[in-house]
Amino acid sequence: MDRQYPSYIDKIFAKQYVKYRSFFAVVRQNTRIFIKNKPSVLGLILVLIFLFVCVFGTYIAPYPEDAMGAVHLKNKLQPPSWNHWFGTDEVGNDILSRVLVGARTSLYVGAMVTGIAILIGVTLGVVSGYYRGWVEEVIMRITDMFLSIPSLVLAIAIVGAMGPGILNAMLALALVWWPGYVRLIHAKTLSIRNELFVESSQSLGASDRRILWRHILPNCLSPIVVKGSMDMGQAILAAASLGFLGLGAQPPFPEWGAMLSVARNYLPEWWWYSLFPGLAIYFTVLGFSLLGDGLMDILDPKQKD
């Protein structure tokens with residue numbers, strides 16, 4: 001009887017099986033760690049609900065036209081009821097519809113602020129940590145200057161100079177958000193640049209660009225993901241703060257902070273006007289914070305110690 005030899009295709013499948021088996025084993029292990037952290041699971045649920053509302057909010061809102069500034073004076077300041085679960089505002093708009101549609105604005109602001117901050121902060125942090133010398137001194141001293149001023153106060157000053165508006169608010173927050181990433185990635189890069197695999201690449205003649213992209217940045221992803229997930233909630237809260245001060249989105253734009261800014265004039269008698277936008281901000285920020293804590297357990301457990 002002829003001896004059977006594995007074909008070339010069988011060998012390929014065998015290698016892929018071993019590769020993906022180890023990958024799924026790591027996924028299962030991390031999933032068990034995450035599930036054991038009940039607050040993190042709660043955070044994931046809250047974030048998923050928030051994302052669902054962002055995507056389908058305009059479709060599930062009972063009165064979508066109210067989010068665009070419609071006027072129904074005969075329904076103004078009605079308490080929660082079967083027709084208006086969250087009540088109505090001073091011009092008769094359904095608050096539930098405005099909260100649902102406003103979630104997309106909050107996601108857009110949080111994602112843009114965090115994304116721009118990561119792009120600027122990670123780039124400067126990697127460059128300063130890898131090249132050292134005068135480059136490091138210049139970047140880190142500028143970073144210290146920004147960190148010496150409270151970020152929200154600086155953002156208020158920038159928006160005040162440029163003028164109120166949701167775009168100006170996002171730009172101002174992004175300009176004050178990046179120093180935290182510079183500090184984080186600078187420290188991480190300093191610890192990685194002396195590792196054996198980096199020194200081996202340098203001895204083999206690899207370019208600085210290749211070392212940064214193939215070795216330094218991939219090893220910085222864990223702290224970036226953890227901090228980015230937490231900063232999403234904080235950026236949403238900061239944008240709502242600017243909206244509350246009248247420097248962010250302007251009424252009747254459906255933004256939670258702007259809604260609270262108007263609703264404070266109707267407290268305490270018409271309490272529902274401020275309660276539900278406030279709860280939306282609270283649970284969204286709580287969800288991202290708890291989720292970030294769970295990701296820290298998985299991606300950067302040393303940071304917990």
# chains A, B, ... in the order shown; residues from 1 in each chain; ligands from 1
$ residues_around --residues "Pro179 of chain A" --least-positions-apart "2" --cutoff "10 Å" --atoms "only C-alpha atoms" --output "list in words"
Ala117, Ile118, Ile120, Gly121, Val122, Leu124, Gly125, Ile139, Met140, Ile142, Thr143, Asp144, Met145, Phe146, Leu147, Ser151, Ala174, Leu175, Val176, Trp177, Tyr181, Val182, Arg183 and Leu184 of chain A
$ write_last_selection --atoms "C-alpha atoms" --output "CSV table (one decimal), in the first residue's frame"
chain,number,residue,atom,x,y,z
A,117,ALA,CA,-6.0,64.3,19.9
A,118,ILE,CA,-4.6,60.8,19.2
A,120,ILE,CA,-1.4,64.8,17.2
A,121,GLY,CA,-0.4,63.4,20.6
A,122,VAL,CA,0.8,60.0,19.5
A,124,LEU,CA,4.6,63.9,19.0
A,125,GLY,CA,5.0,61.4,21.7
A,139,ILE,CA,8.0,68.9,22.3
A,140,MET,CA,7.9,68.2,26.0
A,142,ILE,CA,5.4,72.8,24.8
A,143,THR,CA,3.4,69.9,26.2
A,144,ASP,CA,4.1,71.2,29.7
A,145,MET,CA,2.9,74.6,28.8
A,146,PHE,CA,-0.5,73.2,27.7
A,147,LEU,CA,-0.7,70.9,30.7
A,151,SER,CA,-8.0,72.1,29.6
A,174,ALA,CA,-8.9,68.8,20.2
A,175,LEU,CA,-6.3,71.5,20.6
A,176,VAL,CA,-6.2,71.0,24.4
A,177,TRP,CA,-6.7,67.2,24.5
A,181,TYR,CA,-1.3,61.4,24.8
A,182,VAL,CA,2.1,62.9,24.3
A,183,ARG,CA,3.0,62.2,28.0
A,184,LEU,CA,1.6,58.6,27.8
$ closest_residue --among "A:Ser289, A:Ser241, A:Ser203, A:Gln250" --to "Gly228 of chain A" --atoms "only C-alpha atoms"
A:Ser289
$ residues_around --residues "Gly248 of chain A" --least-positions-apart "2" --cutoff "7 Å" --atoms "only C-alpha atoms" --output "ChimeraX atom specification"
/A:164-166,169,239,242-243,246,250
$ select_by_dssp --residues "segment 85-271 of chain A" --states "helix (DSSP H, G or I)" --output "ChimeraX atom specification"
/A:95-131,133-147,151-162,166-177,179-192,196-203,208-244,256-266
$ closest_residue --among "A:Phe288, A:Tyr59, A:Tyr108, A:Tyr273" --to "Val226 of chain A" --atoms "only C-alpha atoms"
A:Phe288
$ closest_residue --among "A:Leu275, A:Met296, A:Ala240, A:Ile216" --to "Ile95 of chain A" --atoms "only C-alpha atoms"
A:Leu275
$ closest_residue --among "A:Val262, A:Ala238, A:Leu286, A:Ala249" --to "Thr114 of chain A" --atoms "only C-alpha atoms"
A:Ala238
$ residues_around --residues "segment 76-84 of chain A" --least-positions-apart "6" --cutoff "9 Å" --atoms "only C-alpha atoms" --output "list in words"
Pro62, Glu90, Val91, Gly92, Asn93, Asp94, Ile95, Leu96, Trp270, Trp271, Trp272 and Tyr273 of chain A
$ residues_around --residues "Ser40 of chain A" --least-positions-apart "4" --cutoff "10 Å" --atoms "only C-alpha atoms" --output "PDB file with N, CA and C atoms, in the first residue's frame"
ATOM      1  N   PHE A  34     -12.673  39.750  30.910  1.00  0.00           N
ATOM      2  CA  PHE A  34     -13.582  40.892  30.789  1.00  0.00           C
ATOM      3  C   PHE A  34     -14.926  40.593  31.440  1.00  0.00           C
ATOM      4  N   ILE A  35     -15.441  39.393  31.231  1.00  0.00           N
ATOM      5  CA  ILE A  35     -16.755  39.037  31.767  1.00  0.00           C
ATOM      6  C   ILE A  35     -16.734  38.995  33.299  1.00  0.00           C
ATOM      7  N   LYS A  36     -15.601  38.614  33.879  1.00  0.00           N
ATOM      8  CA  LYS A  36     -15.507  38.572  35.339  1.00  0.00           C
ATOM      9  C   LYS A  36     -15.630  39.968  35.957  1.00  0.00           C
ATOM     10  N   LEU A  44     -19.938  48.141  28.764  1.00  0.00           N
ATOM     11  CA  LEU A  44     -20.090  47.701  27.378  1.00  0.00           C
ATOM     12  C   LEU A  44     -21.549  47.778  26.942  1.00  0.00           C
ATOM     13  N   ILE A  45     -22.460  47.363  27.809  1.00  0.00           N
ATOM     14  CA  ILE A  45     -23.890  47.421  27.486  1.00  0.00           C
ATOM     15  C   ILE A  45     -24.329  48.863  27.263  1.00  0.00           C
ATOM     16  N   LEU A  46     -23.889  49.769  28.146  1.00  0.00           N
ATOM     17  CA  LEU A  46     -24.260  51.175  28.005  1.00  0.00           C
ATOM     18  C   LEU A  46     -23.701  51.766  26.715  1.00  0.00           C
ATOM     19  N   GLY A 287     -20.622  54.737  30.860  1.00  0.00           N
ATOM     20  CA  GLY A 287     -20.390  53.568  30.032  1.00  0.00           C
ATOM     21  C   GLY A 287     -18.979  53.529  29.463  1.00  0.00           C
ATOM     22  N   PHE A 288     -18.513  54.642  28.917  1.00  0.00           N
ATOM     23  CA  PHE A 288     -17.166  54.669  28.347  1.00  0.00           C
ATOM     24  C   PHE A 288     -16.102  54.526  29.430  1.00  0.00           C
ATOM     25  N   SER A 289     -16.335  55.090  30.606  1.00  0.00           N
ATOM     26  CA  SER A 289     -15.364  54.966  31.692  1.00  0.00           C
ATOM     27  C   SER A 289     -15.239  53.529  32.172  1.00  0.00           C
ATOM     28  N   LEU A 290     -16.386  52.864  32.360  1.00  0.00           N
ATOM     29  CA  LEU A 290     -16.355  51.468  32.805  1.00  0.00           C
ATOM     30  C   LEU A 290     -15.771  50.556  31.731  1.00  0.00           C
ATOM     31  N   LEU A 291     -16.091  50.825  30.471  1.00  0.00           N
ATOM     32  CA  LEU A 291     -15.528  50.029  29.385  1.00  0.00           C
ATOM     33  C   LEU A 291     -14.017  50.199  29.315  1.00  0.00           C
ATOM     34  N   GLY A 292     -13.543  51.426  29.464  1.00  0.00           N
ATOM     35  CA  GLY A 292     -12.104  51.656  29.453  1.00  0.00           C
ATOM     36  C   GLY A 292     -11.401  50.946  30.591  1.00  0.00           C
ATOM     37  N   ASP A 293     -12.047  50.873  31.756  1.00  0.00           N
ATOM     38  CA  ASP A 293     -11.463  50.161  32.880  1.00  0.00           C
ATOM     39  C   ASP A 293     -11.344  48.673  32.578  1.00  0.00           C
ATOM     40  N   GLY A 294     -12.356  48.109  31.916  1.00  0.00           N
ATOM     41  CA  GLY A 294     -12.282  46.697  31.539  1.00  0.00           C
ATOM     42  C   GLY A 294     -11.223  46.429  30.493  1.00  0.00           C
ATOM     43  N   LEU A 295     -11.078  47.327  29.526  1.00  0.00           N
ATOM     44  CA  LEU A 295     -10.035  47.163  28.515  1.00  0.00           C
ATOM     45  C   LEU A 295      -8.646  47.267  29.138  1.00  0.00           C
ATOM     46  N   ASP A 297      -7.824  46.122  32.049  1.00  0.00           N
ATOM     47  CA  ASP A 297      -7.535  44.814  32.640  1.00  0.00           C
ATOM     48  C   ASP A 297      -6.964  43.849  31.613  1.00  0.00           C
TER      49      ASP A 297
END
$ residues_around --residues "Phe197 of chain A" --least-positions-apart "3" --cutoff "12 Å" --atoms "only C-alpha atoms" --output "ChimeraX atom specification"
/A:192-194,200-204,206,211,214-216,219
$ write_last_selection --atoms "all heavy atoms" --output "CSV table (one decimal), in the first residue's frame"
chain,number,residue,atom,x,y,z
A,192,ILE,N,10.4,51.3,25.2
A,192,ILE,CA,10.5,50.3,24.1
A,192,ILE,C,11.7,50.5,23.3
A,192,ILE,O,12.3,49.5,22.9
A,192,ILE,CB,9.2,50.4,23.2
A,192,ILE,CG1,8.0,50.1,24.0
A,192,ILE,CG2,9.4,49.6,22.0
A,192,ILE,CD1,6.7,50.4,23.1
A,193,ARG,N,12.2,51.7,23.2
A,193,ARG,CA,13.4,52.0,22.3
A,193,ARG,C,14.6,51.2,22.7
A,193,ARG,O,15.6,51.1,21.9
A,193,ARG,CB,13.6,53.5,22.2
A,193,ARG,CG,14.2,54.1,23.5
A,193,ARG,CD,14.2,55.6,23.4
A,193,ARG,NE,15.0,56.1,22.3
A,193,ARG,CZ,16.4,56.3,22.3
A,193,ARG,NH1,17.0,56.1,23.5
A,193,ARG,NH2,17.0,56.7,21.3
A,194,ASN,N,14.7,50.8,24.0
A,194,ASN,CA,15.9,50.1,24.4
A,194,ASN,C,15.7,48.6,24.5
A,194,ASN,O,16.6,47.9,25.0
A,194,ASN,CB,16.3,50.6,25.8
A,194,ASN,CG,16.8,52.0,25.9
A,194,ASN,OD1,17.4,52.5,24.9
A,194,ASN,ND2,16.4,52.8,26.9
A,200,SER,N,18.1,45.3,17.6
A,200,SER,CA,18.5,44.3,16.5
A,200,SER,C,18.1,44.9,15.2
A,200,SER,O,18.9,44.8,14.2
A,200,SER,CB,17.7,43.0,16.7
A,200,SER,OG,18.1,42.4,18.0
A,201,SER,N,16.9,45.6,15.1
A,201,SER,CA,16.5,46.2,13.8
A,201,SER,C,17.5,47.4,13.5
A,201,SER,O,17.9,47.5,12.3
A,201,SER,CB,15.1,46.8,14.0
A,201,SER,OG,14.2,45.8,14.2
A,202,GLN,N,18.0,48.1,14.5
A,202,GLN,CA,18.9,49.2,14.2
A,202,GLN,C,20.2,48.6,13.7
A,202,GLN,O,20.9,49.2,12.8
A,202,GLN,CB,19.1,50.0,15.4
A,202,GLN,CG,17.9,50.8,15.9
A,202,GLN,CD,18.1,51.5,17.2
A,202,GLN,OE1,18.9,51.1,18.0
A,202,GLN,NE2,17.3,52.5,17.5
A,203,SER,N,20.7,47.5,14.3
A,203,SER,CA,22.0,46.9,13.9
A,203,SER,C,21.9,46.3,12.5
A,203,SER,O,22.9,46.2,11.8
A,203,SER,CB,22.4,45.8,14.9
A,203,SER,OG,21.4,44.8,14.9
A,204,LEU,N,20.7,45.9,12.1
A,204,LEU,CA,20.5,45.4,10.7
A,204,LEU,C,20.3,46.5,9.7
A,204,LEU,O,20.1,46.2,8.5
A,204,LEU,CB,19.3,44.4,10.7
A,204,LEU,CG,19.5,43.1,11.5
A,204,LEU,CD1,18.2,42.4,11.5
A,204,LEU,CD2,20.6,42.3,10.9
A,206,ALA,N,17.9,48.9,9.6
A,206,ALA,CA,16.5,49.3,9.4
A,206,ALA,C,16.4,50.8,9.6
A,206,ALA,O,17.0,51.4,10.5
A,206,ALA,CB,15.5,48.6,10.3
A,211,ILE,N,11.3,51.3,11.9
A,211,ILE,CA,11.3,51.0,13.3
A,211,ILE,C,10.1,51.5,14.0
A,211,ILE,O,9.5,50.9,14.8
A,211,ILE,CB,12.6,51.4,13.9
A,211,ILE,CG1,13.8,50.6,13.4
A,211,ILE,CG2,12.6,51.2,15.5
A,211,ILE,CD1,15.2,51.1,13.9
A,214,ARG,N,6.9,49.6,12.5
A,214,ARG,CA,6.8,48.2,12.7
A,214,ARG,C,7.1,47.7,14.1
A,214,ARG,O,6.6,46.6,14.5
A,214,ARG,CB,7.9,47.5,11.7
A,214,ARG,CG,7.6,47.7,10.3
A,214,ARG,CD,6.3,47.1,9.8
A,214,ARG,NE,6.4,45.6,10.0
A,214,ARG,CZ,6.8,44.8,9.1
A,214,ARG,NH1,7.3,45.2,8.0
A,214,ARG,NH2,6.8,43.5,9.4
A,215,HIS,N,7.7,48.5,14.9
A,215,HIS,CA,8.1,48.1,16.3
A,215,HIS,C,7.5,49.0,17.4
A,215,HIS,O,7.0,48.5,18.4
A,215,HIS,CB,9.6,48.0,16.4
A,215,HIS,CG,10.2,47.0,15.4
A,215,HIS,ND1,9.9,45.6,15.5
A,215,HIS,CD2,11.0,47.2,14.3
A,215,HIS,CE1,10.6,45.0,14.5
A,215,HIS,NE2,11.2,45.9,13.8
A,216,ILE,N,7.7,50.3,17.2
A,216,ILE,CA,7.3,51.2,18.3
A,216,ILE,C,5.8,51.4,18.4
A,216,ILE,O,5.2,51.1,19.4
A,216,ILE,CB,8.0,52.6,18.1
A,216,ILE,CG1,9.5,52.4,18.1
A,216,ILE,CG2,7.6,53.5,19.3
A,216,ILE,CD1,10.2,51.9,19.3
A,219,ASN,N,3.5,48.5,19.6
A,219,ASN,CA,3.6,48.2,21.0
A,219,ASN,C,3.0,49.3,21.9
A,219,ASN,O,2.9,49.2,23.1
A,219,ASN,CB,5.1,48.0,21.4
A,219,ASN,CG,5.6,46.6,21.0
A,219,ASN,OD1,5.4,45.6,21.7
A,219,ASN,ND2,6.3,46.6,19.9
$ residues_around --residues "Pro252 of chain A" --least-positions-apart "5" --cutoff "8 Å" --atoms "only C-alpha atoms" --output "PyMOL selection string"
chain A and resi 67-69
$ closest_residue --among "A:Gly278, A:Arg209, A:Glu195, A:Val101" --to "Tyr131 of chain A" --atoms "only C-alpha atoms"
A:Arg209
$ closest_residue --among "A:His72, A:Lys227, A:Arg28, A:Arg98" --to "Trp256 of chain A" --atoms "only C-alpha atoms"
A:Arg98
$ decode --residues "segment 17-151 of chain A" --atoms "C-alpha atoms" --output "tab-separated table (two decimals), in the first residue's frame"
chain	number	residue	atom	x	y	z
A	17	TYR	CA	-5.11	26.15	11.95
A	18	VAL	CA	-2.29	26.39	14.49
A	19	LYS	CA	-2.07	30.16	13.98
A	20	TYR	CA	-5.78	30.86	14.42
A	21	ARG	CA	-6.15	28.32	17.24
A	22	SER	CA	-3.70	30.32	19.35
A	23	PHE	CA	-5.46	33.56	18.35
A	24	PHE	CA	-8.88	32.30	19.43
A	25	ALA	CA	-7.38	30.93	22.63
A	26	VAL	CA	-6.17	34.44	23.51
A	27	VAL	CA	-9.59	35.86	22.61
A	28	ARG	CA	-11.34	33.34	24.86
A	29	GLN	CA	-8.97	34.08	27.73
A	30	ASN	CA	-9.44	37.85	27.44
A	31	THR	CA	-13.21	37.44	27.13
A	32	ARG	CA	-13.29	35.48	30.40
A	33	ILE	CA	-11.23	38.21	32.10
A	34	PHE	CA	-13.58	40.89	30.79
A	35	ILE	CA	-16.75	39.04	31.77
A	36	LYS	CA	-15.51	38.57	35.34
A	37	ASN	CA	-15.41	42.37	35.66
A	38	LYS	CA	-19.14	43.09	36.06
A	39	PRO	CA	-18.83	46.91	35.94
A	40	SER	CA	-17.00	46.60	32.62
A	41	VAL	CA	-19.79	44.45	31.21
A	42	LEU	CA	-22.26	47.13	32.33
A	43	GLY	CA	-20.11	49.74	30.59
A	44	LEU	CA	-20.09	47.70	27.38
A	45	ILE	CA	-23.89	47.42	27.49
A	46	LEU	CA	-24.26	51.17	28.00
A	47	VAL	CA	-21.86	51.92	25.14
A	48	LEU	CA	-23.68	49.50	22.82
A	49	ILE	CA	-27.01	51.15	23.68
A	50	PHE	CA	-25.46	54.55	23.00
A	51	LEU	CA	-24.10	53.40	19.63
A	52	PHE	CA	-27.46	51.85	18.73
A	53	VAL	CA	-29.20	55.15	19.49
A	54	CYS	CA	-26.60	57.04	17.44
A	55	VAL	CA	-27.25	54.86	14.40
A	56	PHE	CA	-31.01	54.44	14.64
A	57	GLY	CA	-32.02	57.45	16.74
A	58	THR	CA	-33.56	59.37	13.85
A	59	TYR	CA	-35.63	56.31	12.91
A	60	ILE	CA	-36.93	55.41	16.37
A	61	ALA	CA	-37.58	59.00	17.49
A	62	PRO	CA	-41.39	59.40	17.80
A	63	TYR	CA	-41.29	63.02	16.56
A	64	PRO	CA	-38.14	63.44	14.44
A	65	GLU	CA	-39.23	66.86	13.18
A	66	ASP	CA	-39.03	68.18	16.76
A	67	ALA	CA	-35.27	67.61	16.72
A	68	MET	CA	-34.97	70.14	13.90
A	69	GLY	CA	-36.65	72.97	15.77
A	70	ALA	CA	-40.36	72.52	15.06
A	71	VAL	CA	-42.74	74.65	17.16
A	72	HIS	CA	-45.85	73.27	18.90
A	73	LEU	CA	-46.73	75.91	21.46
A	74	LYS	CA	-49.96	74.18	22.44
A	75	ASN	CA	-47.86	71.26	23.79
A	76	LYS	CA	-45.21	73.29	25.60
A	77	LEU	CA	-43.80	72.10	28.95
A	78	GLN	CA	-46.01	69.04	29.24
A	79	PRO	CA	-44.91	66.45	31.84
A	80	PRO	CA	-43.97	62.89	30.82
A	81	SER	CA	-46.95	61.01	29.40
A	82	TRP	CA	-47.76	58.19	26.99
A	83	ASN	CA	-47.58	60.62	24.07
A	84	HIS	CA	-44.33	62.24	25.25
A	85	TRP	CA	-42.35	59.84	27.43
A	86	PHE	CA	-39.78	62.49	28.42
A	87	GLY	CA	-42.18	65.43	28.32
A	88	THR	CA	-41.90	68.51	26.11
A	89	ASP	CA	-39.81	71.68	26.17
A	90	GLU	CA	-40.69	75.38	26.09
A	91	VAL	CA	-41.78	75.31	22.44
A	92	GLY	CA	-43.58	71.96	22.60
A	93	ASN	CA	-40.79	69.78	21.16
A	94	ASP	CA	-40.66	66.15	22.27
A	95	ILE	CA	-37.63	65.83	24.57
A	96	LEU	CA	-37.25	62.10	23.90
A	97	SER	CA	-36.86	62.76	20.17
A	98	ARG	CA	-34.30	65.49	20.79
A	99	VAL	CA	-32.30	63.29	23.18
A	100	LEU	CA	-32.26	60.40	20.70
A	101	VAL	CA	-31.18	62.53	17.75
A	102	GLY	CA	-28.68	64.45	19.89
A	103	ALA	CA	-26.80	61.21	20.65
A	104	ARG	CA	-25.33	61.24	17.13
A	105	THR	CA	-23.96	64.73	17.72
A	106	SER	CA	-22.32	63.60	20.95
A	107	LEU	CA	-20.72	60.62	19.21
A	108	TYR	CA	-19.46	62.83	16.38
A	109	VAL	CA	-17.94	65.31	18.81
A	110	GLY	CA	-16.35	62.63	21.00
A	111	ALA	CA	-14.91	60.72	18.06
A	112	MET	CA	-13.51	63.82	16.34
A	113	VAL	CA	-11.96	65.28	19.48
A	114	THR	CA	-10.41	61.96	20.55
A	115	GLY	CA	-9.27	61.11	17.01
A	116	ILE	CA	-7.54	64.44	16.41
A	117	ALA	CA	-5.95	64.34	19.87
A	118	ILE	CA	-4.62	60.82	19.23
A	119	LEU	CA	-3.24	61.81	15.83
A	120	ILE	CA	-1.35	64.81	17.22
A	121	GLY	CA	-0.39	63.39	20.62
A	122	VAL	CA	0.80	59.97	19.46
A	123	THR	CA	2.90	61.45	16.66
A	124	LEU	CA	4.62	63.93	18.95
A	125	GLY	CA	5.01	61.36	21.74
A	126	VAL	CA	6.68	58.78	19.50
A	127	VAL	CA	9.00	61.32	17.87
A	128	SER	CA	10.07	62.87	21.17
A	129	GLY	CA	10.62	59.51	22.87
A	130	TYR	CA	12.57	57.96	20.00
A	131	TYR	CA	14.84	60.81	18.88
A	132	ARG	CA	15.46	62.38	22.32
A	133	GLY	CA	17.81	65.39	22.39
A	134	TRP	CA	16.57	68.86	21.47
A	135	VAL	CA	13.53	67.39	19.71
A	136	GLU	CA	12.36	65.86	22.96
A	137	GLU	CA	13.04	69.06	24.90
A	138	VAL	CA	11.05	71.27	22.52
A	139	ILE	CA	8.05	68.93	22.31
A	140	MET	CA	7.88	68.18	26.02
A	141	ARG	CA	8.24	71.82	27.07
A	142	ILE	CA	5.38	72.82	24.77
A	143	THR	CA	3.38	69.94	26.21
A	144	ASP	CA	4.11	71.16	29.73
A	145	MET	CA	2.87	74.62	28.78
A	146	PHE	CA	-0.49	73.20	27.67
A	147	LEU	CA	-0.74	70.94	30.72
A	148	SER	CA	-0.14	73.86	33.07
A	149	ILE	CA	-3.50	75.38	32.07
A	150	PRO	CA	-6.78	73.57	32.89
A	151	SER	CA	-7.99	72.09	29.61
